[in-house]
>>> print(open('final04.txt').read())   # compact mmCIF, C-alpha atoms
# COMPACT_ATOMS: atom_id res chain seq x y z
CA THR A 1 9.23 -5.58 9.22
CA ILE A 2 11.70 -2.72 9.68
CA LEU A 3 14.86 -3.43 11.66
CA SER A 4 17.46 -1.08 13.08
CA ALA A 5 20.66 -1.73 15.02
CA TYR A 6 19.85 1.10 17.43
CA GLN A 7 16.92 1.38 19.82
CA ALA A 8 16.77 5.16 19.45
CA GLN A 9 16.29 4.90 15.71
CA ALA A 10 13.71 2.13 16.03
CA SER A 11 11.76 4.42 18.38
CA LEU A 12 12.06 7.32 15.93
CA ILE A 13 10.89 5.22 12.97
CA ARG A 14 7.96 3.95 15.03
CA LYS A 15 7.03 7.53 15.93
CA LEU A 16 7.20 8.67 12.29
CA PHE A 17 5.03 5.75 11.23
CA ASN A 18 2.40 6.82 13.72
CA ILE A 19 2.41 10.27 12.13
CA GLN A 20 2.22 8.96 8.56
CA GLU A 21 -0.22 6.11 9.22
CA SER A 22 -3.34 7.92 8.01
CA LYS A 23 -1.62 9.25 4.87
CA PHE A 24 -0.57 5.78 3.79
CA SER A 25 -3.53 3.86 5.21
CA HIS A 26 -4.07 2.21 1.81
CA ILE A 27 -0.87 0.18 2.31
CA VAL A 28 -0.37 0.30 6.09
CA VAL A 29 -3.07 -1.67 7.86
CA ASP A 30 -1.74 -0.89 11.32
CA ILE A 31 1.62 -0.55 13.00
CA LEU A 32 3.16 -1.95 16.12
CA GLY A 33 2.31 0.26 19.04
CA TYR A 34 5.00 1.54 21.37
CA LYS A 35 5.57 2.98 24.81
CA LYS A 36 8.44 5.18 25.84
CA GLU A 37 9.33 3.63 29.22
CA ASN A 38 11.76 0.90 28.16
CA GLU A 39 12.25 -1.81 25.59
CA GLU A 40 10.63 -4.54 27.69
CA ASN A 41 7.35 -2.60 27.77
CA MET A 42 7.78 -0.98 24.40
CA TYR A 43 5.58 -3.28 22.37
CA ASP A 44 1.81 -3.38 22.55
CA ASN A 45 1.05 -6.75 21.00
CA SER A 46 -2.64 -5.93 20.67
CA ARG A 47 -1.77 -3.54 17.81
CA LYS A 48 0.31 -5.82 15.60
CA GLY A 49 -0.37 -5.03 11.96
CA SER A 50 1.29 -5.01 8.55
CA VAL A 51 4.39 -2.98 9.57
CA GLN A 52 6.40 -3.98 12.62
CA ILE A 53 9.51 -2.18 13.87
CA TYR A 54 12.19 -3.81 16.01
CA THR A 55 15.88 -3.67 16.83
CA ILE A 56 17.94 -6.36 15.12
CA ASP A 57 18.81 -8.00 18.46
CA ARG A 58 15.17 -8.21 19.54
CA TYR A 59 14.15 -9.86 16.27
CA GLN A 60 16.31 -12.98 16.65
CA GLY A 61 14.25 -16.10 15.93
CA ASP A 62 11.48 -14.17 14.11
CA GLU A 63 10.97 -13.68 10.38
CA ASN A 64 8.67 -11.95 7.92
CA GLU A 65 7.99 -11.92 4.18
CA ILE A 66 9.59 -8.50 3.61
CA VAL A 67 12.33 -7.06 5.84
CA ILE A 68 13.87 -3.59 5.51
CA ILE A 69 17.03 -2.97 7.53
CA SER A 70 18.20 0.54 8.33
CA LEU A 71 21.98 0.53 8.80
CA VAL A 72 22.14 4.14 10.04
CA ARG A 73 25.90 4.61 9.95
CA SER A 74 27.25 7.20 7.48
CA ASN A 75 30.75 8.35 8.40
CA ASP A 76 34.26 8.29 6.89
CA ASP A 77 36.06 6.89 9.94
CA PHE A 78 37.77 3.66 8.97
CA ASN A 79 36.00 0.62 10.39
CA ASN A 80 34.01 2.77 12.82
CA ILE A 81 30.54 1.36 12.35
CA GLY A 82 29.63 0.67 15.97
CA PHE A 83 27.36 -2.28 16.66
CA LEU A 84 27.23 -3.13 12.95
CA LYS A 85 30.80 -4.49 12.98
CA LEU A 86 29.66 -7.64 14.82
CA LEU A 87 29.25 -10.48 12.32
CA ASN A 88 26.49 -12.21 14.29
CA ARG A 89 24.41 -9.02 14.15
CA ARG A 90 24.79 -8.91 10.37
CA CYS A 91 23.88 -12.61 10.14
CA VAL A 92 20.70 -12.06 12.16
CA ALA A 93 19.73 -9.08 10.02
CA GLN A 94 20.24 -10.82 6.68
CA SER A 95 18.41 -14.02 7.60
CA ARG A 96 15.05 -12.67 8.80
CA SER A 97 13.16 -12.42 5.48
CA ARG A 98 11.32 -15.15 3.62
CA CYS A 99 10.80 -13.25 0.37
CA GLY A 100 12.45 -9.81 0.11
CA LEU A 101 15.38 -8.27 1.99
CA TYR A 102 16.44 -4.62 1.67
CA PHE A 103 19.44 -2.97 3.32
CA VAL A 104 19.30 0.83 3.48
CA GLY A 105 22.68 2.38 4.27
CA ASN A 106 25.92 4.00 3.15
CA ALA A 107 27.87 1.40 1.16
CA LYS A 108 31.05 3.50 1.27
CA THR A 109 31.02 3.54 5.07
CA LEU A 110 30.15 -0.13 5.41
CA ARG A 111 32.90 -1.22 3.01
CA THR A 112 35.47 -0.13 5.61
CA ASN A 113 34.51 -3.24 7.59
CA HIS A 114 35.63 -6.56 6.07
CA ASN A 115 32.42 -8.39 7.02
CA TRP A 116 30.20 -5.87 5.27
CA LYS A 117 32.64 -5.40 2.39
CA TYR A 118 32.35 -9.10 1.53
CA LEU A 119 28.52 -8.97 1.53
CA ILE A 120 28.37 -5.75 -0.48
CA GLU A 121 30.71 -7.10 -3.14
CA ARG A 122 28.61 -10.26 -3.48
CA MET A 123 25.49 -8.08 -3.84
CA GLU A 124 27.25 -6.03 -6.54
CA ASP A 125 28.14 -9.20 -8.44
CA GLN A 126 24.42 -10.07 -8.54
CA ASN A 127 23.33 -6.54 -9.49
CA CYS A 128 21.62 -6.10 -6.13
CA LEU A 129 23.25 -2.79 -5.20
CA SER A 130 21.54 0.47 -6.15
CA ASP A 131 20.87 4.00 -4.99
CA THR A 132 17.15 3.52 -5.70
CA ILE A 133 14.47 1.09 -4.56
CA THR A 134 11.90 -0.24 -7.00
CA LEU A 135 8.31 0.14 -5.82
CA CYS A 136 5.34 -1.38 -7.59
CA CYS A 137 1.61 -0.90 -7.62
CA PRO A 138 0.12 -3.34 -5.06
CA HIS A 139 -2.44 -4.47 -7.67
CA HIS A 140 -0.37 -4.29 -10.87
CA ILE A 141 3.13 -5.53 -10.09
CA PHE A 142 4.58 -4.58 -13.48
CA VAL A 143 3.80 -0.90 -12.92
CA THR A 144 6.87 0.34 -11.06
CA VAL A 145 8.68 3.49 -9.96
CA ALA A 146 12.34 3.82 -8.92
CA ALA A 147 12.46 5.84 -5.70
CA LYS A 148 15.66 7.55 -4.63
CA LEU A 149 14.29 10.22 -2.30
CA HIS A 150 11.27 10.13 -0.02
CA THR A 151 9.60 12.55 -2.45
CA ASP A 152 9.74 9.82 -5.12
CA VAL A 153 7.52 7.49 -3.09
CA PRO A 154 3.98 7.55 -4.56
CA THR A 155 1.28 8.90 -2.26
CA PRO A 156 -2.42 7.99 -2.50
CA GLU A 157 -2.90 11.11 -4.66
CA THR A 158 -0.17 10.13 -7.14
CA ALA A 159 -1.48 8.88 -10.49
CA PHE A 160 1.49 6.60 -11.16
CA CYS A 161 -0.62 3.54 -12.11
CA THR A 162 -3.10 4.12 -14.93
CA ASP A 163 -4.13 0.48 -15.34
CA THR A 164 -7.83 -0.18 -14.78
CA CYS A 165 -8.81 -0.88 -11.18
CA THR A 166 -11.00 -3.94 -12.01
CA LYS A 167 -12.22 -4.43 -8.43
CA VAL A 168 -15.42 -6.50 -8.63
CA LEU A 169 -18.33 -4.64 -7.03
CA ASP A 170 -21.46 -6.12 -5.46
CA CYS A 171 -23.29 -5.73 -8.77
CA LYS A 172 -20.63 -7.99 -10.39
CA HIS A 173 -19.38 -5.18 -12.61
CA ALA A 174 -15.68 -4.34 -12.44
CA CYS A 175 -14.54 -0.84 -11.48
CA THR A 176 -13.40 0.99 -14.62
CA LYS A 177 -11.51 3.84 -12.93
CA PRO A 178 -7.70 4.06 -13.16
CA CYS A 179 -6.00 2.19 -10.30
CA ARG A 180 -4.33 5.38 -9.03
CA PRO A 181 -4.93 7.87 -7.51
CA VAL A 182 -6.42 5.75 -4.74
CA HIS A 183 -10.21 5.86 -4.82
CA HIS A 184 -12.85 4.33 -2.59
CA HIS A 185 -15.76 2.16 -3.64
CA ILE A 186 -18.31 3.86 -1.41
CA ASN A 187 -21.16 1.40 -0.84
CA ASN A 188 -19.81 -0.39 -3.94
CA ARG A 189 -21.42 2.36 -6.03
CA CYS A 190 -21.15 1.43 -9.71
CA ASP A 191 -21.26 4.26 -12.27
CA ARG A 192 -21.70 2.03 -15.31
CA ARG A 193 -24.67 2.82 -17.58
CA VAL A 194 -27.07 -0.12 -17.91
CA SER A 195 -30.34 -0.78 -19.72
CA PHE A 196 -33.54 -1.71 -17.89
CA ASP A 197 -37.30 -1.88 -18.45
CA PHE A 198 -39.70 0.36 -16.54
CA LEU A 199 -42.07 -1.94 -14.67
CA LEU A 200 -45.25 0.08 -15.25
CA CYS A 201 -44.89 0.79 -18.96
CA ASP A 202 -42.32 -1.68 -20.30
CA HIS A 203 -40.38 1.12 -21.95
CA ASN A 204 -36.65 0.60 -22.07
CA GLY A 205 -34.46 3.08 -20.22
CA GLN A 206 -30.87 3.83 -19.22
CA LYS A 207 -29.63 4.38 -15.71
CA PHE A 208 -26.48 4.25 -13.64
CA CYS A 209 -26.07 0.78 -12.18
CA TYR A 210 -26.33 2.08 -8.60
CA GLU A 211 -29.67 3.88 -9.21
CA ASP A 212 -32.91 2.32 -7.94
CA PRO A 213 -35.14 1.51 -10.96
CA PHE A 214 -38.27 2.00 -8.84
CA LYS A 215 -37.32 5.66 -8.36
CA MET A 216 -36.70 6.30 -12.06
CA LYS A 217 -39.32 8.12 -14.11
CA CYS A 218 -39.98 7.21 -17.71
CA LYS A 219 -39.68 10.21 -20.05
CA GLU A 220 -40.96 8.45 -23.16
CA ILE A 221 -44.28 9.43 -24.75
CA CYS A 222 -46.97 7.18 -23.33
CA GLY A 223 -48.44 6.09 -26.69
CA ARG A 224 -51.28 4.08 -25.18
CA LYS A 225 -54.71 4.22 -26.75
CA MET A 226 -57.10 6.67 -25.17
CA GLN A 227 -60.60 5.64 -24.14
CA CYS A 228 -61.78 6.75 -27.53
CA GLU A 229 -59.60 3.99 -28.96
CA ILE A 230 -58.67 6.32 -31.80
CA HIS A 231 -56.05 8.65 -30.41
CA SER A 232 -52.87 7.76 -28.55
CA CYS A 233 -51.80 9.45 -25.33
CA ALA A 234 -49.23 12.18 -26.10
CA ASN A 235 -48.17 12.79 -22.48
CA VAL A 236 -44.87 11.78 -20.97
CA CYS A 237 -45.26 8.27 -19.60
CA SER A 238 -44.40 9.13 -16.01
CA LYS A 239 -47.14 11.79 -15.91
>>> encode(input="final04.txt", output="C-alpha cells")
Amino acid sequence: TILSAYQAQASLIRKLFNIQESKFSHIVVDILGYKKENEENMYDNSRKGSVQIYTIDRYQGDENEIVIISLVRSNDDFNNIGFLKLLNRRCVAQSRSRCGLYFVGNAKTLRTNHNWKYLIERMEDQNCLSDTITLCCPHHIFVTVAAKLHTDVPTPETAFCTDTCTKVLDCKHACTKPCRPVHHHINNRCDRRVSFDFLLCDHNGQKFCYEDPFKMKCKEICGRKMQCEIHSCANVCSK
C-alpha cells in the first residue's frame, strides 16, 4: 500500500502506476483503479491488486504487509508542514503496516515539527534513517541493491540477480537460467539436454528436453544384418 497525506498526490501516484504497470508487471499484479470525479467514487474495488494507493485519512482501520508513505513536504519554513503536523495523522500513517513500513520524505523539513522530530530521532537511534532504500530480488532475498534515485530501481531488463532461477518446470527439471533479467518459461520449455532411446532402433540419442522424441531422427549407422546375413546395413538408421 502507498499512502499520501494529499489527495492530489495520491491521484498522481495512481496515474503514474497505470503508466508503469506493464513495465513492472513482474512485480505489480494489478493496481487499484481510479476515477477522477471525486474521492467517494475514486476506487474501483473490482481491480484491487498487489499495489493499492490511498490518502492517509481514508486508510484508517485498514492495514497491509508493506506500507510506503509519501510525506511530500520539502520546504525550509519552520513548522510549516501542512496536514502532516497533526499527531493523529502521523499515528495513523505509522500504524498501518504488519511487516514493513517506509517513510519517504525530507527529514530536514519534518524535524521542524516536534512530533516528527521525536519519531525521526528514534529512527536514527535504531539506524532506520537513510537516503537509500534497500531492494531485494523477490526470489533471492539476500541479493540486494541500494536505490537512491528512481534510476537505481532494477527493471525487468536489469541483470542485478545472477543466482540461478530454479523454477521447477512441468518436466520436473529446474530452470538453469540466471534469475535476472526477467525471463518467461514459455510453455514450460526446458532447454536441458537429456538422453533417450529411439523406439524403432534402440539407439541412444540426445535431445533437448522439450523436443518430441517421436519427431527425432536417428543419425547412427543402422548396423543391422542384411538379408544375406553376412553384411551389415551401412545406411543412416533413419533412412
>>> residues_near_point(input="final04.txt", point="(-50.0, 9.6, -23.6)", cutoff="10 Å", atoms="all atoms listed in the file", output="PyMOL selection string")
chain A and resi 220-226+231-239
>>> atom_distance(input="final04.txt", atom1="atom CA of Thr151 of chain A", atom2="atom CA of Asp76 of chain A")
26.7 Å
>>> atom_distance(input="final04.txt", atom1="atom CA of Cys91 of chain A", atom2="atom CA of Asn127 of chain A")
20.6 Å
>>> residues_around(input="final04.txt", residues="Thr112 of chain A", least_positions_apart="2", cutoff="10 Å", atoms="only C-alpha atoms", output="number ranges by chain")
A: 76-81, 85, 107-110, 114-117
>>> atom_distance(input="final04.txt", atom1="atom CA of Ile230 of chain A", atom2="atom CA of Asn204 of chain A")
24.7 Å
>>> residues_around(input="final04.txt", residues="Ile53 of chain A", least_positions_apart="5", cutoff="6 Å", atoms="all atoms listed in the file", output="list in words")
Thr1, Ile2 and Leu3 of chain A
>>> residues_around(input="final04.txt", residues="Met216 of chain A", least_positions_apart="4", cutoff="10 Å", atoms="only C-alpha atoms", output="PDB file with C-alpha atoms, keeping the file's coordinate frame")
ATOM      1  CA  PHE A 198     -39.700   0.360 -16.540  1.00  0.00           C
ATOM      2  CA  GLY A 205     -34.460   3.080 -20.220  1.00  0.00           C
ATOM      3  CA  GLN A 206     -30.870   3.830 -19.220  1.00  0.00           C
ATOM      4  CA  LYS A 207     -29.630   4.380 -15.710  1.00  0.00           C
ATOM      5  CA  GLU A 211     -29.670   3.880  -9.210  1.00  0.00           C
ATOM      6  CA  ASP A 212     -32.910   2.320  -7.940  1.00  0.00           C
ATOM      7  CA  SER A 238     -44.400   9.130 -16.010  1.00  0.00           C
TER       8      SER A 238
END
>>> closest_residue(input="final04.txt", among="A:Phe17, A:Leu135, A:Asp125, A:Gln9", to="Arg73 of chain A", atoms="all atoms listed in the file")
A:Gln9
>>> axis_aligned_box(input="final04.txt", around="segment 205-212 of chain A", padding_each_side="6 Å", output="lines of an AutoDock Vina configuration file")
center_x = -30.3
center_y = 2.6
center_z = -14.1
size_x = 20.4
size_y = 15.6
size_z = 24.3
